[in-house]
file structure_22.txt (compact mmCIF, C-alpha atoms (C1' of nucleotides))
# COMPACT_ATOMS: atom_id res chain seq x y z
CA MET V 1 -15.93 -31.62 -7.69
CA PRO V 2 -13.47 -28.76 -7.89
CA LYS V 3 -14.49 -26.13 -10.37
CA THR V 4 -11.50 -23.88 -10.16
CA ILE V 5 -7.91 -24.81 -10.69
CA GLN V 6 -6.96 -23.29 -7.36
CA LYS V 7 -9.15 -25.58 -5.28
CA ARG V 8 -7.05 -27.54 -2.85
CA PRO V 9 -8.05 -31.13 -2.25
CA VAL V 10 -6.43 -31.46 1.17
CA GLY V 11 -6.15 -29.20 4.17
CA THR V 12 -8.19 -28.19 7.17
CA LEU V 13 -11.38 -26.22 7.02
CA GLU V 14 -9.65 -23.29 8.64
CA GLU V 15 -7.06 -23.29 5.94
CA GLU V 16 -9.69 -23.46 3.26
CA ALA V 17 -11.44 -20.47 4.77
CA PHE V 18 -8.19 -18.58 5.02
CA VAL V 19 -7.35 -19.15 1.38
CA ALA V 20 -10.87 -18.35 0.25
CA LEU V 21 -10.75 -15.13 2.20
CA LEU V 22 -7.48 -13.94 0.73
CA ARG V 23 -8.36 -15.01 -2.76
CA THR V 24 -11.75 -13.33 -2.73
CA ALA V 25 -10.34 -10.16 -1.25
CA ASP V 26 -7.70 -10.11 -3.95
CA VAL V 27 -10.17 -10.51 -6.79
CA LEU V 28 -12.52 -7.86 -5.47
CA GLN V 29 -9.80 -5.39 -4.71
CA TRP V 30 -8.24 -5.98 -8.08
CA ARG V 31 -11.53 -5.15 -9.83
CA MET V 32 -11.93 -2.03 -7.79
CA GLY V 33 -8.32 -1.08 -8.44
CA GLU V 34 -8.78 -1.36 -12.19
CA MET V 35 -11.59 1.13 -11.91
CA PHE V 36 -9.58 3.49 -9.75
CA LYS V 37 -6.76 3.34 -12.22
CA GLU V 38 -8.90 4.98 -14.87
CA HIS V 39 -9.13 7.92 -12.52
CA GLY V 40 -5.44 7.94 -11.68
CA LEU V 41 -5.68 6.59 -8.16
CA SER V 42 -4.43 3.47 -6.43
CA PRO V 43 -6.69 1.70 -3.91
CA THR V 44 -4.48 2.99 -1.10
CA GLN V 45 -4.72 6.55 -2.32
CA TYR V 46 -8.48 6.31 -2.69
CA ASN V 47 -8.74 4.94 0.79
CA ALA V 48 -6.69 7.79 2.24
CA LEU V 49 -8.70 10.42 0.40
CA ARG V 50 -11.95 8.94 1.59
CA ILE V 51 -10.75 8.95 5.15
CA LEU V 52 -9.81 12.59 4.79
CA ARG V 53 -13.16 13.46 3.29
CA GLY V 54 -14.82 11.91 6.29
CA ALA V 55 -12.68 14.03 8.58
CA GLY V 56 -13.80 17.36 7.14
CA SER V 57 -11.95 20.61 7.35
CA GLU V 58 -10.19 19.79 10.62
CA GLY V 59 -8.11 17.22 8.83
CA LEU V 60 -6.33 14.34 10.49
CA THR V 61 -2.86 13.58 11.75
CA CYS V 62 -0.69 10.96 10.11
CA SER V 63 -1.27 8.52 12.95
CA GLU V 64 -5.02 8.92 12.76
CA ILE V 65 -4.97 8.25 9.06
CA GLY V 66 -2.79 5.22 9.60
CA GLU V 67 -5.21 3.80 12.14
CA ARG V 68 -8.13 4.14 9.78
CA MET V 69 -6.50 2.69 6.69
CA ILE V 70 -7.83 -0.62 5.46
CA ASN V 71 -4.43 -2.10 4.85
CA ARG V 72 -1.76 -1.10 7.28
CA ASP V 73 0.68 1.20 5.54
CA PRO V 74 3.63 2.13 7.69
CA ASP V 75 4.66 5.08 5.59
CA ILE V 76 1.82 7.55 5.53
CA THR V 77 4.26 10.38 5.02
CA ARG V 78 5.14 9.51 1.48
CA LEU V 79 1.63 8.44 0.61
CA LEU V 80 0.42 11.90 1.61
CA GLY V 81 3.41 13.44 -0.11
CA ARG V 82 2.31 11.95 -3.41
CA LEU V 83 -1.23 13.20 -2.90
CA GLU V 84 0.03 16.65 -1.97
CA ARG V 85 2.17 16.83 -5.09
CA ARG V 86 -1.02 16.35 -7.06
CA SER V 87 -2.78 19.01 -4.95
CA LEU V 88 -5.34 16.55 -3.69
CA VAL V 89 -4.47 17.25 -0.06
CA ARG V 90 -2.86 20.05 1.89
CA ARG V 91 -0.69 19.75 5.01
CA LYS V 92 -0.10 22.20 7.77
CA ARG V 93 1.69 22.04 11.08
CA GLN V 94 -0.48 22.24 14.14
CA GLN V 95 0.22 25.27 16.31
CA ASP V 96 -0.24 24.05 19.86
CA ASP V 97 1.77 20.86 19.27
CA ARG V 98 4.33 21.50 16.63
CA ARG V 99 5.14 17.83 16.21
CA VAL V 100 1.79 17.23 14.60
CA ILE V 101 0.98 17.67 10.93
CA ARG V 102 -2.67 17.86 10.00
CA THR V 103 -3.67 16.87 6.50
CA VAL V 104 -6.83 18.21 4.86
CA ILE V 105 -8.41 17.20 1.59
CA THR V 106 -8.54 19.98 -1.00
CA ASN V 107 -11.39 20.91 -3.30
CA ALA V 108 -9.59 19.14 -6.10
CA GLY V 109 -9.49 16.03 -3.94
CA LEU V 110 -13.17 16.33 -3.14
CA THR V 111 -14.03 16.72 -6.79
CA LEU V 112 -12.01 13.68 -7.74
CA LEU V 113 -13.72 11.63 -5.03
CA LYS V 114 -17.12 12.83 -6.05
CA GLY V 115 -16.57 11.50 -9.53
CA LEU V 116 -15.76 8.13 -8.02
CA ASP V 117 -18.75 7.79 -5.73
CA ARG V 118 -21.10 6.39 -8.30
CA PRO V 119 -18.65 4.00 -9.95
CA VAL V 120 -17.73 2.63 -6.53
CA LEU V 121 -21.36 2.17 -5.61
CA THR V 122 -22.16 0.48 -8.89
CA LEU V 123 -19.20 -1.82 -8.78
CA ASN V 124 -19.88 -2.83 -5.20
CA ARG V 125 -23.44 -3.61 -6.09
CA ARG V 126 -22.37 -5.62 -9.10
CA MET V 127 -19.81 -7.59 -7.13
CA LEU V 128 -21.73 -8.23 -3.94
CA GLY V 129 -25.34 -7.20 -4.43
CA HIS V 130 -26.36 -10.59 -5.74
CA LEU V 131 -25.86 -12.08 -2.28
CA GLY V 132 -28.90 -10.25 -0.95
CA GLU V 133 -29.34 -8.52 2.35
CA ASP V 134 -29.42 -11.55 4.61
CA ARG V 135 -26.33 -13.19 3.28
CA LEU V 136 -24.47 -9.89 3.23
CA GLN V 137 -25.32 -9.38 6.89
CA SER V 138 -24.13 -12.82 7.74
CA LEU V 139 -20.93 -12.40 5.72
CA ILE V 140 -20.18 -9.14 7.48
CA SER V 141 -20.84 -10.67 10.85
CA LEU V 142 -18.57 -13.64 10.15
CA LEU V 143 -15.80 -11.39 8.94
CA GLU V 144 -16.05 -9.05 11.90
CA THR V 145 -15.93 -11.97 14.29
CA ALA V 146 -12.91 -13.42 12.56
CA ARG V 147 -11.12 -10.11 12.62
CA GLU V 148 -11.79 -9.36 16.27
CA ARG V 149 -10.48 -12.76 17.29
CA ALA V 150 -7.47 -12.58 15.02
CA VAL V 151 -6.12 -9.51 16.75
CA MET F 1 -22.81 1.31 18.34
CA PRO F 2 -19.46 1.25 16.58
CA LYS F 3 -16.86 -0.63 18.51
CA THR F 4 -13.87 -0.04 16.28
CA ILE F 5 -12.54 3.24 15.10
CA GLN F 6 -12.75 2.09 11.51
CA LYS F 7 -16.49 1.45 11.56
CA ARG F 8 -18.23 3.63 9.04
CA PRO F 9 -21.61 5.03 9.97
CA VAL F 10 -22.88 5.50 6.43
CA GLY F 11 -22.69 3.46 3.27
CA THR F 12 -24.46 0.58 1.65
CA LEU F 13 -24.40 -2.94 2.94
CA GLU F 14 -22.36 -4.03 -0.06
CA GLU F 15 -19.78 -1.45 0.77
CA GLU F 16 -19.67 -2.52 4.37
CA ALA F 17 -19.10 -6.11 3.28
CA PHE F 18 -16.40 -5.04 0.86
CA VAL F 19 -14.52 -3.12 3.52
CA ALA F 20 -14.92 -5.88 6.08
CA LEU F 21 -13.58 -8.37 3.58
CA LEU F 22 -10.47 -6.38 2.76
CA ARG F 23 -9.82 -5.43 6.33
CA THR F 24 -10.14 -8.95 7.64
CA ALA F 25 -8.00 -10.36 4.88
CA ASP F 26 -5.35 -7.79 5.66
CA VAL F 27 -5.27 -8.58 9.37
CA LEU F 28 -5.11 -12.31 8.84
CA GLN F 29 -2.50 -12.15 6.17
CA TRP F 30 -0.45 -9.78 8.21
CA ARG F 31 -0.41 -12.19 11.15
CA MET F 32 0.58 -15.02 8.90
CA GLY F 33 3.23 -12.88 7.28
CA GLU F 34 4.80 -12.04 10.61
CA MET F 35 5.19 -15.72 11.25
CA PHE F 36 6.66 -16.36 7.80
CA LYS F 37 9.11 -13.58 8.35
CA GLU F 38 10.72 -15.46 11.19
CA HIS F 39 11.51 -18.14 8.65
CA GLY F 40 12.75 -15.71 6.03
CA LEU F 41 9.79 -15.94 3.66
CA SER F 42 7.20 -13.50 2.42
CA PRO F 43 3.60 -14.66 2.03
CA THR F 44 4.03 -14.64 -1.74
CA GLN F 45 7.13 -16.78 -1.55
CA TYR F 46 5.47 -19.24 0.80
CA ASN F 47 2.53 -19.48 -1.53
CA ALA F 48 4.74 -20.22 -4.51
CA LEU F 49 6.70 -22.86 -2.64
CA ARG F 50 3.53 -24.56 -1.50
CA ILE F 51 2.21 -24.64 -5.00
CA LEU F 52 5.46 -26.20 -6.16
CA ARG F 53 5.38 -28.77 -3.40
CA GLY F 54 1.92 -29.76 -4.53
CA ALA F 55 3.21 -30.21 -8.05
CA GLY F 56 5.87 -32.77 -7.16
CA SER F 57 8.95 -33.58 -9.18
CA GLU F 58 7.44 -32.66 -12.52
CA GLY F 59 7.44 -29.04 -11.49
CA LEU F 60 5.29 -26.37 -13.04
CA THR F 61 5.63 -23.71 -15.69
CA CYS F 62 5.57 -20.03 -14.84
CA SER F 63 2.08 -19.64 -16.21
CA GLU F 64 0.77 -22.55 -14.16
CA ILE F 65 2.26 -21.09 -11.03
CA GLY F 66 0.77 -17.72 -11.86
CA GLU F 67 -2.69 -19.23 -12.27
CA ARG F 68 -2.52 -20.91 -8.90
CA MET F 69 -1.21 -17.99 -6.88
CA ILE F 70 -3.55 -16.48 -4.33
CA ASN F 71 -2.74 -12.92 -5.26
CA ARG F 72 -2.11 -12.29 -8.91
CA ASP F 73 1.56 -11.57 -9.36
CA PRO F 74 2.39 -10.62 -12.92
CA ASP F 75 6.10 -11.22 -12.53
CA ILE F 76 6.64 -14.83 -11.61
CA THR F 77 10.06 -14.76 -13.22
CA ARG F 78 11.69 -12.62 -10.61
CA LEU F 79 9.79 -14.21 -7.76
CA LEU F 80 11.23 -17.57 -8.80
CA GLY F 81 14.59 -15.95 -9.41
CA ARG F 82 14.76 -14.89 -5.79
CA LEU F 83 13.82 -18.38 -4.64
CA GLU F 84 16.37 -19.92 -6.95
CA ARG F 85 19.12 -17.68 -5.61
CA ARG F 86 18.38 -19.16 -2.21
CA SER F 87 18.39 -22.67 -3.66
CA LEU F 88 14.79 -23.28 -2.69
CA VAL F 89 13.78 -24.06 -6.26
CA ARG F 90 15.50 -25.22 -9.40
CA ARG F 91 14.62 -24.29 -12.98
CA LYS F 92 15.21 -26.18 -16.16
CA ARG F 93 14.17 -25.67 -19.71
CA GLN F 94 11.73 -28.20 -21.06
CA GLN F 95 13.15 -30.26 -23.90
CA ASP F 96 10.21 -30.74 -26.25
CA ASP F 97 9.11 -27.11 -26.00
CA ARG F 98 12.09 -24.93 -25.40
CA ARG F 99 9.99 -21.87 -24.60
CA VAL F 100 8.88 -23.47 -21.37
CA ILE F 101 10.75 -23.33 -18.10
CA ARG F 102 9.74 -25.85 -15.48
CA THR F 103 10.41 -25.01 -11.87
CA VAL F 104 10.83 -27.69 -9.23
CA ILE F 105 11.10 -27.30 -5.49
CA THR F 106 14.42 -28.49 -4.05
CA ASN F 107 15.02 -30.52 -0.93
CA ALA F 108 16.02 -27.35 0.86
CA GLY F 109 12.70 -25.86 -0.15
CA LEU F 110 10.83 -28.91 1.07
CA THR F 111 12.64 -28.82 4.38
CA LEU F 112 11.84 -25.16 4.84
CA LEU F 113 8.18 -25.78 4.08
CA LYS F 114 8.04 -28.75 6.40
CA GLY F 115 9.15 -26.57 9.26
CA LEU F 116 6.29 -24.22 8.49
CA ASP F 117 3.51 -26.77 8.30
CA ARG F 118 2.77 -26.88 11.98
CA PRO F 119 3.02 -23.13 12.64
CA VAL F 120 0.65 -22.50 9.74
CA LEU F 121 -1.80 -25.06 11.03
CA THR F 122 -1.66 -23.69 14.53
CA LEU F 123 -2.05 -20.10 13.47
CA ASN F 124 -4.97 -20.90 11.19
CA ARG F 125 -6.67 -22.73 13.99
CA ARG F 126 -6.07 -19.87 16.39
CA MET F 127 -7.36 -17.29 13.95
CA LEU F 128 -10.37 -19.10 12.54
CA GLY F 129 -11.00 -22.23 14.58
CA HIS F 130 -13.22 -20.43 17.05
CA LEU F 131 -15.88 -20.04 14.39
CA GLY F 132 -16.64 -23.74 14.43
CA GLU F 133 -17.32 -26.04 11.55
CA ASP F 134 -20.72 -24.74 10.53
CA ARG F 135 -19.82 -21.12 10.42
CA LEU F 136 -16.58 -21.90 8.61
CA GLN F 137 -18.50 -23.77 5.97
CA SER F 138 -20.91 -20.94 5.57
CA LEU F 139 -18.10 -18.38 5.40
CA ILE F 140 -16.33 -20.41 2.73
CA SER F 141 -19.49 -20.77 0.74
CA LEU F 142 -20.26 -17.05 0.88
CA LEU F 143 -16.74 -16.18 -0.19
CA GLU F 144 -16.73 -18.63 -3.07
CA THR F 145 -20.03 -17.30 -4.29
CA ALA F 146 -18.81 -13.74 -4.10
CA ARG F 147 -15.64 -14.59 -5.96
CA GLU F 148 -17.32 -16.49 -8.77
CA ARG F 149 -19.72 -13.66 -9.38
CA ALA F 150 -17.05 -11.01 -9.17
CA VAL F 151 -15.15 -12.46 -12.08
C1' DT D 1 9.34 -23.89 -46.38
C1' DG D 2 8.84 -19.80 -44.57
C1' DA D 3 5.89 -15.67 -43.22
C1' DG D 4 2.90 -14.41 -39.75
C1' DG D 5 1.06 -14.99 -35.51
C1' DA D 6 0.59 -17.19 -30.92
C1' DT D 7 2.78 -18.49 -26.64
C1' DA D 8 6.26 -18.58 -22.64
C1' DT D 9 9.23 -16.13 -20.37
C1' DT D 10 12.40 -12.37 -19.43
C1' DC D 11 13.87 -7.77 -18.60
C1' DG D 12 14.09 -2.37 -18.24
C1' DT D 13 11.98 0.99 -15.81
C1' DT D 14 9.21 3.35 -12.61
C1' DA D 15 6.43 3.41 -8.60
C1' DT D 16 5.41 1.79 -4.29
C1' DA D 17 6.06 -1.02 0.09
C1' DA D 18 8.96 -2.35 4.10
C1' DC D 19 12.32 -1.68 7.53
C1' DG D 20 15.08 1.11 10.48
C1' DA D 21 17.38 4.93 11.81
C1' DC D 22 16.84 9.82 12.54
C1' DT D 23 14.99 14.63 13.80
C1' DA D 24 12.09 17.59 16.16
C1' DT D 25 8.98 18.53 19.70
C1' DG D 26 6.63 17.87 23.94
C1' DA D 27 5.90 15.80 28.71
C1' DT D 28 7.71 14.34 33.24
C1' DG D 29 9.90 14.28 37.46
C1' DA D 30 14.07 14.59 40.39
C1' DT O 1 15.27 23.58 35.05
C1' DC O 2 17.21 20.15 32.67
C1' DA O 3 18.08 15.21 31.76
C1' DT O 4 15.23 11.63 30.10
C1' DC O 5 11.86 9.49 27.83
C1' DA O 6 7.78 9.39 24.78
C1' DT O 7 5.56 10.85 20.62
C1' DA O 8 4.92 12.54 15.62
C1' DG O 9 6.63 12.54 11.60
C1' DT O 10 10.45 12.17 8.09
C1' DC O 11 13.84 10.06 5.27
C1' DG O 12 17.64 6.66 3.41
C1' DT O 13 17.83 2.32 1.67
C1' DT O 14 16.57 -2.05 0.01
C1' DA O 15 13.24 -5.14 -1.74
C1' DT O 16 9.30 -5.99 -4.21
C1' DA O 17 5.24 -4.87 -7.34
C1' DA O 18 3.43 -3.04 -11.76
C1' DC O 19 3.59 -2.01 -16.50
C1' DG O 20 5.24 -2.58 -21.07
C1' DA O 21 8.26 -3.84 -24.37
C1' DA O 22 11.41 -7.36 -25.92
C1' DT O 23 13.16 -12.09 -26.91
C1' DA O 24 12.89 -16.78 -28.01
C1' DT O 25 10.41 -20.59 -29.48
C1' DC O 26 6.74 -22.96 -31.57
C1' DC O 27 2.63 -23.56 -34.62
C1' DT O 28 -0.17 -23.01 -38.82
C1' DC O 29 -1.15 -22.78 -43.33
C1' DA O 30 -0.55 -20.96 -47.89

call {"tool": "encode", "arguments": {"input": "structure_22.txt", "output": "structure tokens"}}
result
Amino acid sequence: MPKTIQKRPVGTLEEEAFVALLRTADVLQWRMGEMFKEHGLSPTQYNALRILRGAGSEGLTCSEIGERMINRDPDITRLLGRLERRSLVRRKRQQDDRRVIRTVITNAGLTLLKGLDRPVLTLNRRMLGHLGEDRLQSLISLLETARERAV
Amino acid sequence: MPKTIQKRPVGTLEEEAFVALLRTADVLQWRMGEMFKEHGLSPTQYNALRILRGAGSEGLTCSEIGERMINRDPDITRLLGRLERRSLVRRKRQQDDRRVIRTVITNAGLTLLKGLDRPVLTLNRRMLGHLGEDRLQSLISLLETARERAV
DNA sequence: TGAGGATATTCGTTATAACGACTATGATGA
DNA sequence: TCATCATAGTCGTTATAACGAATATCCTCA
């Protein structure tokens, strides 16, 4: 008995899984995005800042950031440009290979992220914590398998 | 031992699941989108056309389409406008309630979709079929649970 | 019957994504 | 050493997404 209006009566199991995956990802990301919005960030911007925080004071090149992003964004330049305009990151050209631009998160960026750590944790727990450890592990494992094979 | 560059060493299990979910959804949707592109459609447009095909000759209102979309798109009007310009859908004002616009898929739209049915099936099977029936069921169930609770 | 409010859709505007072409720099090998 | 190719990043342009405000229609009830 379908509970939601979106439930499709026909289709293969693979298709059902595909739709469920996209739909769930959309709902969860949307919730998270609403929270980010209160702090003036988009999910993409948050993601980039977090990646840069993980990189430390060395910073990262555009390509490295692109590789680590959750959703592939082909135009890191302008994404970083927007963050730089708000002084959340700083860019400098690398000396030994002058093609490369390294981007480093600023103190302002770190502060902004710090204020988001707890809300992110709380929201994640609220959205997924109810599954419990075992089911979370199994969900992660299924997703990783699917992703590896899809590439 | 992290196999992928994106693997994060620290973080809660919920967070790991969240990231895995978004990342996997992105990869799968991207693959599907590449295929759609060869046929001149975006994932969103394909989704809308499929919804309209399911609705038959009665068509659907903008709000109904919006409710059924996989990813919430707040501007159905222009999405349908683009499809109408390409003669893939037709719109007409409902007589008894003149606020309502019903959108119906055209024969051209149906033909386009028909040509996509097999590629979609094949790609879904390639991307997710390897999981097998049991694991697909369990993945679907986990995702549905997560989504219901997230709302 | 008509004022006020609800509903369905559209549209103006701004921000972001997507796609290629382009520039600058570095590496390679005849 | 210099033509050639690869690599890193940028930018012009178009299309789409996001956010509100606006318009048109319908409903309700005094």

call {"tool": "interface_residues", "arguments": {"input": "structure_22.txt", "of": "chain O", "to": "chain V", "cutoff": "10 Å", "atoms": "only C-alpha atoms (C1' of nucleotides)", "output": "list of chain:residue names"}}
result
O:DT7, O:DA8, O:DG9, O:DT10, O:DC11

call {"tool": "atom_distance", "arguments": {"input": "structure_22.txt", "atom1": "CA of Trp30 (chain V)", "atom2": "CA of Pro43 (chain V)"}}
result
8.9 Å

call {"tool": "residues_around", "arguments": {"input": "structure_22.txt", "residues": "Leu143 (chain F)", "least_positions_apart": "3", "cutoff": "7 Å", "atoms": "only C-alpha atoms (C1' of nucleotides)", "output": "list of chain:residue names"}}
result
V:Ala20, V:Leu21, V:Thr24, F:Leu139, F:Ile140, F:Ala146, F:Arg147

call {"tool": "interface_residues", "arguments": {"input": "structure_22.txt", "of": "chain D", "to": "chain F", "cutoff": "9 Å", "atoms": "only C-alpha atoms (C1' of nucleotides)", "output": "list in words"}}
result
DT7, DA8, DT9 and DT10 of chain D

call {"tool": "closest_atom_pairs", "arguments": {"input": "structure_22.txt", "of": "chain F", "to": "chain V", "cutoff": "7 Å", "atoms": "all atoms listed in the file", "output": "CSV"}}
result
residue,atom,partner,partner_atom,distance
F:Ile5,CA,V:Arg68,CA,7.0
F:Gln6,CA,V:Arg68,CA,5.3
F:Leu13,CA,V:Leu136,CA,7.0
F:Glu14,CA,V:Leu128,CA,5.8
F:Glu15,CA,V:Asn124,CA,6.1
F:Ala17,CA,V:Ile140,CA,5.3
F:Ala20,CA,V:Leu143,CA,6.3
F:Leu21,CA,V:Ala25,CA,6.1
F:Leu22,CA,V:Ala25,CA,5.5
F:Arg23,CA,V:Ile70,CA,5.3
F:Thr24,CA,V:Arg147,CA,5.2
F:Ala25,CA,V:Leu22,CA,5.5
F:Asp26,CA,V:Asn71,CA,5.8
F:Val27,CA,V:Arg147,CA,6.9
F:Leu28,CA,V:Ala150,CA,6.6
F:Arg68,CA,V:Gln6,CA,5.3
F:Ile70,CA,V:Arg23,CA,5.3
F:Asn71,CA,V:Asp26,CA,5.8
F:Asn124,CA,V:Glu14,CA,5.8
F:Arg125,CA,V:Glu14,CA,6.1
F:Met127,CA,V:Ala150,CA,4.8
F:Leu128,CA,V:Glu14,CA,5.8
F:Gly129,CA,V:Glu14,CA,6.2
F:Leu136,CA,V:Ala17,CA,6.6
F:Leu139,CA,V:Leu139,CA,6.6
F:Ile140,CA,V:Ala17,CA,5.3
F:Leu142,CA,V:Leu139,CA,6.7
F:Leu143,CA,V:Ala20,CA,6.3
F:Glu144,CA,V:Ala20,CA,6.7
F:Ala146,CA,V:Leu128,CA,6.2
F:Arg147,CA,V:Thr24,CA,5.2
F:Arg149,CA,V:Met127,CA,6.5
F:Ala150,CA,V:Met127,CA,4.8

call {"tool": "calpha_fit_and_write", "arguments": {"input": "structure_22.txt", "fixed": "chain V", "moving": "chain F", "output": "short mmCIF file (atom, residue, chain, number, x, y, z; two decimals) with C-alpha atoms, in the coordinates of the input"}}
result
data_model
loop_
_atom_site.label_atom_id
_atom_site.label_comp_id
_atom_site.auth_asym_id
_atom_site.auth_seq_id
_atom_site.Cartn_x
_atom_site.Cartn_y
_atom_site.Cartn_z
CA MET F 1 -15.74 -31.80 -7.47
CA PRO F 2 -13.34 -28.89 -7.79
CA LYS F 3 -14.54 -26.31 -10.22
CA THR F 4 -11.58 -23.95 -10.14
CA ILE F 5 -8.00 -24.80 -10.75
CA GLN F 6 -7.03 -23.28 -7.43
CA LYS F 7 -9.20 -25.58 -5.34
CA ARG F 8 -7.09 -27.59 -2.96
CA PRO F 9 -8.10 -31.17 -2.31
CA VAL F 10 -6.47 -31.47 1.09
CA GLY F 11 -6.18 -29.21 4.09
CA THR F 12 -8.19 -28.22 7.09
CA LEU F 13 -11.38 -26.25 6.95
CA GLU F 14 -9.66 -23.30 8.59
CA GLU F 15 -7.07 -23.31 5.88
CA GLU F 16 -9.70 -23.47 3.20
CA ALA F 17 -11.44 -20.47 4.73
CA PHE F 18 -8.17 -18.59 4.99
CA VAL F 19 -7.35 -19.15 1.34
CA ALA F 20 -10.87 -18.33 0.21
CA LEU F 21 -10.73 -15.12 2.19
CA LEU F 22 -7.46 -13.94 0.69
CA ARG F 23 -8.37 -15.00 -2.79
CA THR F 24 -11.74 -13.31 -2.75
CA ALA F 25 -10.33 -10.15 -1.27
CA ASP F 26 -7.70 -10.09 -3.97
CA VAL F 27 -10.19 -10.48 -6.80
CA LEU F 28 -12.52 -7.83 -5.47
CA GLN F 29 -9.81 -5.36 -4.72
CA TRP F 30 -8.26 -5.93 -8.08
CA ARG F 31 -11.53 -5.11 -9.84
CA MET F 32 -11.92 -2.00 -7.79
CA GLY F 33 -8.33 -1.04 -8.44
CA GLU F 34 -8.78 -1.31 -12.18
CA MET F 35 -11.59 1.17 -11.92
CA PHE F 36 -9.56 3.53 -9.74
CA LYS F 37 -6.75 3.37 -12.20
CA GLU F 38 -8.87 5.01 -14.85
CA HIS F 39 -9.10 7.96 -12.50
CA GLY F 40 -5.41 7.96 -11.67
CA LEU F 41 -5.66 6.59 -8.14
CA SER F 42 -4.42 3.47 -6.42
CA PRO F 43 -6.67 1.72 -3.91
CA THR F 44 -4.47 2.99 -1.09
CA GLN F 45 -4.71 6.55 -2.31
CA TYR F 46 -8.47 6.33 -2.69
CA ASN F 47 -8.74 4.96 0.81
CA ALA F 48 -6.70 7.80 2.25
CA LEU F 49 -8.70 10.43 0.41
CA ARG F 50 -11.95 8.94 1.60
CA ILE F 51 -10.76 8.95 5.15
CA LEU F 52 -9.80 12.59 4.79
CA ARG F 53 -13.14 13.47 3.28
CA GLY F 54 -14.82 11.91 6.27
CA ALA F 55 -12.70 14.03 8.56
CA GLY F 56 -13.81 17.37 7.12
CA SER F 57 -11.93 20.63 7.36
CA GLU F 58 -10.19 19.81 10.61
CA GLY F 59 -8.13 17.22 8.82
CA LEU F 60 -6.36 14.35 10.49
CA THR F 61 -2.90 13.57 11.75
CA CYS F 62 -0.73 10.94 10.12
CA SER F 63 -1.30 8.53 12.96
CA GLU F 64 -5.07 8.92 12.76
CA ILE F 65 -5.00 8.25 9.06
CA GLY F 66 -2.81 5.23 9.62
CA GLU F 67 -5.24 3.81 12.17
CA ARG F 68 -8.15 4.14 9.80
CA MET F 69 -6.53 2.69 6.70
CA ILE F 70 -7.85 -0.63 5.47
CA ASN F 71 -4.43 -2.09 4.85
CA ARG F 72 -1.77 -1.10 7.31
CA ASP F 73 0.65 1.20 5.56
CA PRO F 74 3.58 2.10 7.75
CA ASP F 75 4.62 5.06 5.64
CA ILE F 76 1.79 7.54 5.57
CA THR F 77 4.23 10.37 5.06
CA ARG F 78 5.13 9.50 1.53
CA LEU F 79 1.62 8.42 0.64
CA LEU F 80 0.41 11.89 1.61
CA GLY F 81 3.41 13.43 -0.08
CA ARG F 82 2.34 11.93 -3.38
CA LEU F 83 -1.20 13.20 -2.90
CA GLU F 84 0.06 16.63 -1.96
CA ARG F 85 2.21 16.83 -5.08
CA ARG F 86 -0.99 16.37 -7.05
CA SER F 87 -2.74 19.00 -4.95
CA LEU F 88 -5.32 16.55 -3.69
CA VAL F 89 -4.45 17.24 -0.06
CA ARG F 90 -2.85 20.04 1.88
CA ARG F 91 -0.68 19.73 4.99
CA LYS F 92 -0.10 22.19 7.76
CA ARG F 93 1.68 22.03 11.04
CA GLN F 94 -0.53 22.24 14.08
CA GLN F 95 0.13 25.32 16.18
CA ASP F 96 -0.30 24.11 19.75
CA ASP F 97 1.68 20.92 19.17
CA ARG F 98 4.28 21.52 16.54
CA ARG F 99 5.10 17.83 16.18
CA VAL F 100 1.75 17.22 14.58
CA ILE F 101 0.96 17.64 10.91
CA ARG F 102 -2.69 17.86 9.99
CA THR F 103 -3.69 16.87 6.50
CA VAL F 104 -6.82 18.21 4.85
CA ILE F 105 -8.40 17.19 1.58
CA THR F 106 -8.51 19.98 -1.01
CA ASN F 107 -11.35 20.92 -3.31
CA ALA F 108 -9.56 19.14 -6.13
CA GLY F 109 -9.46 16.05 -3.96
CA LEU F 110 -13.14 16.34 -3.16
CA THR F 111 -14.01 16.74 -6.81
CA LEU F 112 -11.98 13.69 -7.73
CA LEU F 113 -13.68 11.64 -5.03
CA LYS F 114 -17.10 12.85 -6.05
CA GLY F 115 -16.55 11.52 -9.52
CA LEU F 116 -15.74 8.14 -8.02
CA ASP F 117 -18.73 7.82 -5.73
CA ARG F 118 -21.09 6.41 -8.29
CA PRO F 119 -18.63 4.01 -9.95
CA VAL F 120 -17.71 2.64 -6.52
CA LEU F 121 -21.34 2.19 -5.60
CA THR F 122 -22.14 0.51 -8.87
CA LEU F 123 -19.18 -1.81 -8.76
CA ASN F 124 -19.87 -2.81 -5.17
CA ARG F 125 -23.43 -3.58 -6.06
CA ARG F 126 -22.37 -5.61 -9.07
CA MET F 127 -19.81 -7.57 -7.10
CA LEU F 128 -21.73 -8.21 -3.90
CA GLY F 129 -25.34 -7.18 -4.40
CA HIS F 130 -26.35 -10.57 -5.71
CA LEU F 131 -25.87 -12.06 -2.26
CA GLY F 132 -28.89 -10.24 -0.91
CA GLU F 133 -29.33 -8.51 2.38
CA ASP F 134 -29.40 -11.53 4.65
CA ARG F 135 -26.33 -13.18 3.31
CA LEU F 136 -24.47 -9.88 3.28
CA GLN F 137 -25.29 -9.38 6.91
CA SER F 138 -24.13 -12.83 7.75
CA LEU F 139 -20.93 -12.41 5.74
CA ILE F 140 -20.18 -9.14 7.51
CA SER F 141 -20.81 -10.67 10.87
CA LEU F 142 -18.56 -13.66 10.18
CA LEU F 143 -15.78 -11.40 8.96
CA GLU F 144 -16.02 -9.08 11.94
CA THR F 145 -15.91 -12.00 14.30
CA ALA F 146 -12.90 -13.46 12.57
CA ARG F 147 -11.09 -10.14 12.63
CA GLU F 148 -11.73 -9.41 16.29
CA ARG F 149 -10.46 -12.80 17.30
CA ALA F 150 -7.46 -12.63 15.02
CA VAL F 151 -6.11 -9.58 16.76
#
